Amino acid sequence: MAGGSRGECQPVNNFRGCFETMIAVEQNEARYLAIYSEAEKVLAGSGQAWLARIRREAIESFGELGFPTTRNEEWKYTSVVPIAGTVFEPARYELTPQVVEAIKRSPLAHLGCVRLTFVNGHYSGELSDLRQLPGDLKAPNLAAALETGEAKVEEHLARYADYRKHPFVALNTALMQDGASLVIPRGKVLERPICFLYVSRAGSRPAISHPRNLVLVGRESQVSIIEIHLGLEDGTYFTNAVTEVVAEEGAIVEYHKIQQEGPRAFHIGTLAFQQDRSSSISAHTVSLGAALDREDTVAVLAGEGAECHLNGLYVLSGEQHADHHTVIDHAHPHCSSRELYKGVLDGRSRGVFNGKIIVRKGAQKTDSKQTNKNLLLSEDATVDTKPQLEIYADDVKCTHGATIGQIDPEAIFYLRSRGIGKNEARNLLTYAFANDVIGKIRYEPLRTRLGDALFAQLAQGQETEGK
């Protein structure tokens, strides 16, 4: 088995501790293989031969790949030893009064739109709100779609997030149980977003869930999706989520991924877009929670004239770690892409950004721009940024850039001279910096609630650093 987290122990001086970590990682890799063997016959859609084949291929890939290590260039700045060395049990559906009350109190759970709710990765009809769903549109959960053998699901599921190269995608594909399955018919225009709300509750033992979403947007349709991951309490758990979105010719999709997991949680997320001719994707990824967060976003512009906009924001404090990897693959000519990712880091947090733009041979007239900007609020916060261009065509316009800086002291002085306190001045300037991303979100209720959450997190970070 090629589990690689073992290689990360070399710098550790305590040989015994290093050896024990290697053993724990190896045992956990083997444990996931055993979990699959035990659950293979009861997993969602187990009666479908095509799905059984994909699951077997995925678990075999995980067995070959193992957990990634910092020796892997794609994981150079992010160690997954805290995940690989922890024993996680499969998360269970628990609809308790505490869960119901926590959802009622959460502003992000009430956005005035259709909501599919999942508790610990399992669909909850009791907590979902489908009243505004158009009568000619079905929004089943993935487990139901797999059991009924939906043809569209068979055609597209696990075709775009690559389980052969990415171990966490492989683990999700092998063990996925539930998630959202949404098919938008041709020419359908939805006025309000559809929300996929995932709430996780830490139990007495660490638990893991594998949410899987599949969104198929028909030709010349328009839809807005909001995917939210919300931690309900302070405890250790792991969310390993994968979302695949297919935009057919002329489709317009606005996708939002909001991660606000618990402070001791782990979150690994993969978002894969497949775009046809003249389609348009706008994706907004906002990371506010979790102790360790990794977000992989891949957009393949597979049709002439497609356009893609990727926007991201990570706001970190304490010892949080967030790693955002993006790939925009220009596979056809006359396509355009814009990418803006911003980071706000306080305390001893660490942010990672790796953005790659690929322009394939023959993808002439490509127009692409990538920007990463980071604001450090503490001398102990760190950022590793790596924008990349891989261009195999000669008639293109591509630019990229990255910056790391601190708040301008003259701006602080100016605001304080107007009677604004030091902390308030810092928060205002930080919010203005982050609002370049939040302000691009069109749906006003979500934009407002994220602004409130940002202010709350900045204030909380100041209180934590002051102790």
# chains A, B, ... in the order shown; residues from 1 in each chain; ligands from 1
>>> select_by_dssp(residues="segment 134-197 of chain A", states="strand (DSSP E)", output="PyMOL selection string")
chain A and resi 181-184+194-197
>>> select_by_dssp(residues="segment 13-176 of chain A", states="alpha helix (DSSP H)", output="MDAnalysis selection string")
chainID A and resid 15:39 49:65 81:84 97:105 142:148 151:156 167:175
>>> atom_distance(atom1="atom CA of Val199 of chain A", atom2="atom CA of Asp178 of chain A")
13.3 Å
>>> closest_residue(among="A:Phe413, A:Tyr93, A:Tyr198, A:Tyr255", to="Ile228 of chain A", atoms="only C-alpha atoms")
A:Tyr198
>>> residues_around(residues="Arg447 of chain A", least_positions_apart="3", cutoff="12 Å", atoms="only C-alpha atoms", output="PyMOL selection string")
chain A and resi 107-108+111+226+256+258+284+286+434-444+450-454
>>> residues_around(residues="segment 305-310 of chain A", least_positions_apart="6", cutoff="6 Å", atoms="only C-alpha atoms", output="PyMOL selection string")
chain A and resi 277-283+334-339
>>> closest_residue(among="A:Arg186, A:Arg426, A:Lys365, A:Arg348", to="Ala331 of chain A", atoms="only C-alpha atoms")
A:Lys365
>>> closest_residue(among="A:Arg350, A:Lys165, A:Lys41, A:Arg449", to="Thr385 of chain A", atoms="only C-alpha atoms")
A:Arg350
>>> atom_distance(atom1="atom CA of Tyr341 of chain A", atom2="atom CA of Ala402 of chain A")
9.4 Å
>>> residues_around(residues="segment 370-374 of chain A", least_positions_apart="2", cutoff="8 Å", atoms="only C-alpha atoms", output="NGL selection string")
:A and (338-345 or 353 or 355 or 368 or 376 or 383 or 385 or 387 or 399-405)
>>> write_last_selection(atoms="N, CA and C atoms", output="PDB file, in the first residue's frame")
ATOM      1  N   ARG A 338     -11.796  34.377 -15.060  1.00  0.00           N
ATOM      2  CA  ARG A 338     -11.332  35.355 -14.085  1.00  0.00           C
ATOM      3  C   ARG A 338     -11.305  34.685 -12.717  1.00  0.00           C
ATOM      4  N   GLU A 339     -10.224  34.918 -11.998  1.00  0.00           N
ATOM      5  CA  GLU A 339     -10.070  34.264 -10.694  1.00  0.00           C
ATOM      6  C   GLU A 339      -9.545  35.261  -9.674  1.00  0.00           C
ATOM      7  N   LEU A 340     -10.264  35.379  -8.537  1.00  0.00           N
ATOM      8  CA  LEU A 340      -9.852  36.258  -7.450  1.00  0.00           C
ATOM      9  C   LEU A 340     -10.004  35.519  -6.131  1.00  0.00           C
ATOM     10  N   TYR A 341      -8.886  35.287  -5.449  1.00  0.00           N
ATOM     11  CA  TYR A 341      -8.894  34.662  -4.129  1.00  0.00           C
ATOM     12  C   TYR A 341      -8.207  35.599  -3.137  1.00  0.00           C
ATOM     13  N   LYS A 342      -8.853  35.770  -1.973  1.00  0.00           N
ATOM     14  CA  LYS A 342      -8.298  36.635  -0.938  1.00  0.00           C
ATOM     15  C   LYS A 342      -8.248  35.900   0.397  1.00  0.00           C
ATOM     16  N   GLY A 343      -7.204  36.201   1.161  1.00  0.00           N
ATOM     17  CA  GLY A 343      -7.055  35.602   2.478  1.00  0.00           C
ATOM     18  C   GLY A 343      -6.854  36.652   3.548  1.00  0.00           C
ATOM     19  N   VAL A 344      -7.504  36.438   4.693  1.00  0.00           N
ATOM     20  CA  VAL A 344      -7.327  37.281   5.875  1.00  0.00           C
ATOM     21  C   VAL A 344      -6.871  36.363   6.998  1.00  0.00           C
ATOM     22  N   LEU A 345      -5.663  36.604   7.534  1.00  0.00           N
ATOM     23  CA  LEU A 345      -5.080  35.668   8.487  1.00  0.00           C
ATOM     24  C   LEU A 345      -4.638  36.372   9.753  1.00  0.00           C
ATOM     25  N   PHE A 353      -2.465  28.999  -1.069  1.00  0.00           N
ATOM     26  CA  PHE A 353      -3.175  29.145  -2.338  1.00  0.00           C
ATOM     27  C   PHE A 353      -2.285  28.626  -3.452  1.00  0.00           C
ATOM     28  N   GLY A 355      -2.950  28.170  -7.504  1.00  0.00           N
ATOM     29  CA  GLY A 355      -3.871  28.322  -8.622  1.00  0.00           C
ATOM     30  C   GLY A 355      -3.176  28.042  -9.942  1.00  0.00           C
ATOM     31  N   SER A 368      -7.505  35.040 -19.850  1.00  0.00           N
ATOM     32  CA  SER A 368      -7.555  34.549 -18.474  1.00  0.00           C
ATOM     33  C   SER A 368      -6.754  35.449 -17.540  1.00  0.00           C
ATOM     34  N   LEU A 376      -2.254  39.960   6.219  1.00  0.00           N
ATOM     35  CA  LEU A 376      -1.797  39.381   7.474  1.00  0.00           C
ATOM     36  C   LEU A 376      -2.080  40.349   8.613  1.00  0.00           C
ATOM     37  N   VAL A 383       1.520  32.717   4.918  1.00  0.00           N
ATOM     38  CA  VAL A 383       0.832  32.403   3.670  1.00  0.00           C
ATOM     39  C   VAL A 383       1.834  31.825   2.688  1.00  0.00           C
ATOM     40  N   THR A 385       1.784  31.088  -1.346  1.00  0.00           N
ATOM     41  CA  THR A 385       0.980  31.293  -2.550  1.00  0.00           C
ATOM     42  C   THR A 385       1.780  30.929  -3.791  1.00  0.00           C
ATOM     43  N   PRO A 387       0.770  31.011  -7.780  1.00  0.00           N
ATOM     44  CA  PRO A 387       0.002  31.089  -9.030  1.00  0.00           C
ATOM     45  C   PRO A 387       0.810  30.485 -10.174  1.00  0.00           C
ATOM     46  N   THR A 399      -2.707  36.503 -17.546  1.00  0.00           N
ATOM     47  CA  THR A 399      -1.925  37.178 -16.504  1.00  0.00           C
ATOM     48  C   THR A 399      -2.207  36.533 -15.158  1.00  0.00           C
ATOM     49  N   HIS A 400      -1.251  36.660 -14.257  1.00  0.00           N
ATOM     50  CA  HIS A 400      -1.454  36.168 -12.891  1.00  0.00           C
ATOM     51  C   HIS A 400      -0.581  36.972 -11.944  1.00  0.00           C
ATOM     52  N   GLY A 401      -0.976  36.994 -10.674  1.00  0.00           N
ATOM     53  CA  GLY A 401      -0.212  37.739  -9.688  1.00  0.00           C
ATOM     54  C   GLY A 401      -0.659  37.408  -8.281  1.00  0.00           C
ATOM     55  N   ALA A 402       0.250  37.655  -7.323  1.00  0.00           N
ATOM     56  CA  ALA A 402      -0.045  37.383  -5.917  1.00  0.00           C
ATOM     57  C   ALA A 402       0.606  38.442  -5.043  1.00  0.00           C
ATOM     58  N   THR A 403      -0.071  38.817  -3.958  1.00  0.00           N
ATOM     59  CA  THR A 403       0.471  39.799  -3.020  1.00  0.00           C
ATOM     60  C   THR A 403       0.224  39.332  -1.587  1.00  0.00           C
ATOM     61  N   ILE A 404       1.121  39.718  -0.694  1.00  0.00           N
ATOM     62  CA  ILE A 404       0.998  39.470   0.744  1.00  0.00           C
ATOM     63  C   ILE A 404       1.369  40.762   1.454  1.00  0.00           C
ATOM     64  N   GLY A 405       0.499  41.252   2.314  1.00  0.00           N
ATOM     65  CA  GLY A 405       0.785  42.507   2.994  1.00  0.00           C
ATOM     66  C   GLY A 405       0.032  42.647   4.306  1.00  0.00           C
TER      67      GLY A 405
END
>>> closest_residue(among="A:Asn72, A:Ser61, A:Thr78, A:Thr86", to="Leu292 of chain A", atoms="only C-alpha atoms")
A:Thr78
>>> residues_around(residues="Asn120 of chain A", least_positions_apart="4", cutoff="12 Å", atoms="only C-alpha atoms", output="PDB file with C-alpha atoms, in the first residue's frame")
ATOM      1  CA  GLU A  89     -16.376   6.015  12.656  1.00  0.00           C
ATOM      2  CA  PRO A  90     -19.050   6.352   9.946  1.00  0.00           C
ATOM      3  CA  ALA A  91     -21.301   9.285  10.894  1.00  0.00           C
ATOM      4  CA  ARG A  92     -24.867   8.389  11.845  1.00  0.00           C
ATOM      5  CA  TYR A  93     -28.129  10.225  11.330  1.00  0.00           C
ATOM      6  CA  GLU A  94     -29.213  11.812  14.620  1.00  0.00           C
ATOM      7  CA  LEU A  95     -32.252  14.074  14.641  1.00  0.00           C
ATOM      8  CA  THR A  96     -32.152  15.357  18.207  1.00  0.00           C
ATOM      9  CA  VAL A  99     -29.861  19.635  16.239  1.00  0.00           C
ATOM     10  CA  SER A 124     -33.428  14.803   6.538  1.00  0.00           C
ATOM     11  CA  GLN A 177     -24.036   7.298   0.873  1.00  0.00           C
ATOM     12  CA  ASP A 178     -26.053  10.451   0.299  1.00  0.00           C
ATOM     13  CA  GLY A 179     -26.069  14.032  -0.909  1.00  0.00           C
ATOM     14  CA  LEU A 197     -27.362  22.469   3.948  1.00  0.00           C
ATOM     15  CA  TYR A 198     -25.001  19.996   5.616  1.00  0.00           C
ATOM     16  CA  VAL A 199     -24.971  20.101   9.408  1.00  0.00           C
ATOM     17  CA  SER A 200     -22.547  18.006  11.427  1.00  0.00           C
ATOM     18  CA  ARG A 201     -22.754  17.148  15.083  1.00  0.00           C
ATOM     19  CA  ALA A 202     -19.736  15.739  16.884  1.00  0.00           C
ATOM     20  CA  GLY A 203     -20.464  12.586  18.866  1.00  0.00           C
ATOM     21  CA  PRO A 206     -14.745  11.155  15.951  1.00  0.00           C
ATOM     22  CA  ALA A 207     -16.992  10.507  12.942  1.00  0.00           C
ATOM     23  CA  ILE A 208     -16.612  10.857   9.170  1.00  0.00           C
ATOM     24  CA  SER A 209     -19.169  11.606   6.471  1.00  0.00           C
ATOM     25  CA  HIS A 210     -18.795  11.560   2.668  1.00  0.00           C
ATOM     26  CA  PRO A 211     -21.374  13.964   1.153  1.00  0.00           C
ATOM     27  CA  HIS A 229     -21.299  23.024   5.665  1.00  0.00           C
ATOM     28  CA  LEU A 230     -22.166  23.981   9.224  1.00  0.00           C
ATOM     29  CA  GLY A 231     -20.740  22.634  12.472  1.00  0.00           C
ATOM     30  CA  LEU A 232     -23.218  22.587  15.337  1.00  0.00           C
ATOM     31  CA  TYR A 237     -15.288  15.103  13.076  1.00  0.00           C
ATOM     32  CA  PHE A 238     -14.315  14.907   9.405  1.00  0.00           C
ATOM     33  CA  THR A 239     -16.336  15.961   6.360  1.00  0.00           C
ATOM     34  CA  ASN A 240     -15.009  14.618   3.044  1.00  0.00           C
ATOM     35  CA  ALA A 241     -17.238  16.265   0.415  1.00  0.00           C
ATOM     36  CA  GLU A 261     -17.401  23.765  10.314  1.00  0.00           C
TER      37      GLU A 261
END
>>> residues_around(residues="Pro134 of chain A", least_positions_apart="5", cutoff="10 Å", atoms="only C-alpha atoms", output="ChimeraX atom specification")
/A:114,139,190
>>> write_last_selection(atoms="C-alpha atoms", output="PDB file, in the first residue's frame")
ATOM      1  CA  VAL A 114     -35.486  25.837  -1.258  1.00  0.00           C
ATOM      2  CA  ALA A 139     -34.705  17.573  -6.281  1.00  0.00           C
ATOM      3  CA  LEU A 190     -34.951  29.448 -11.360  1.00  0.00           C
TER       4      LEU A 190
END
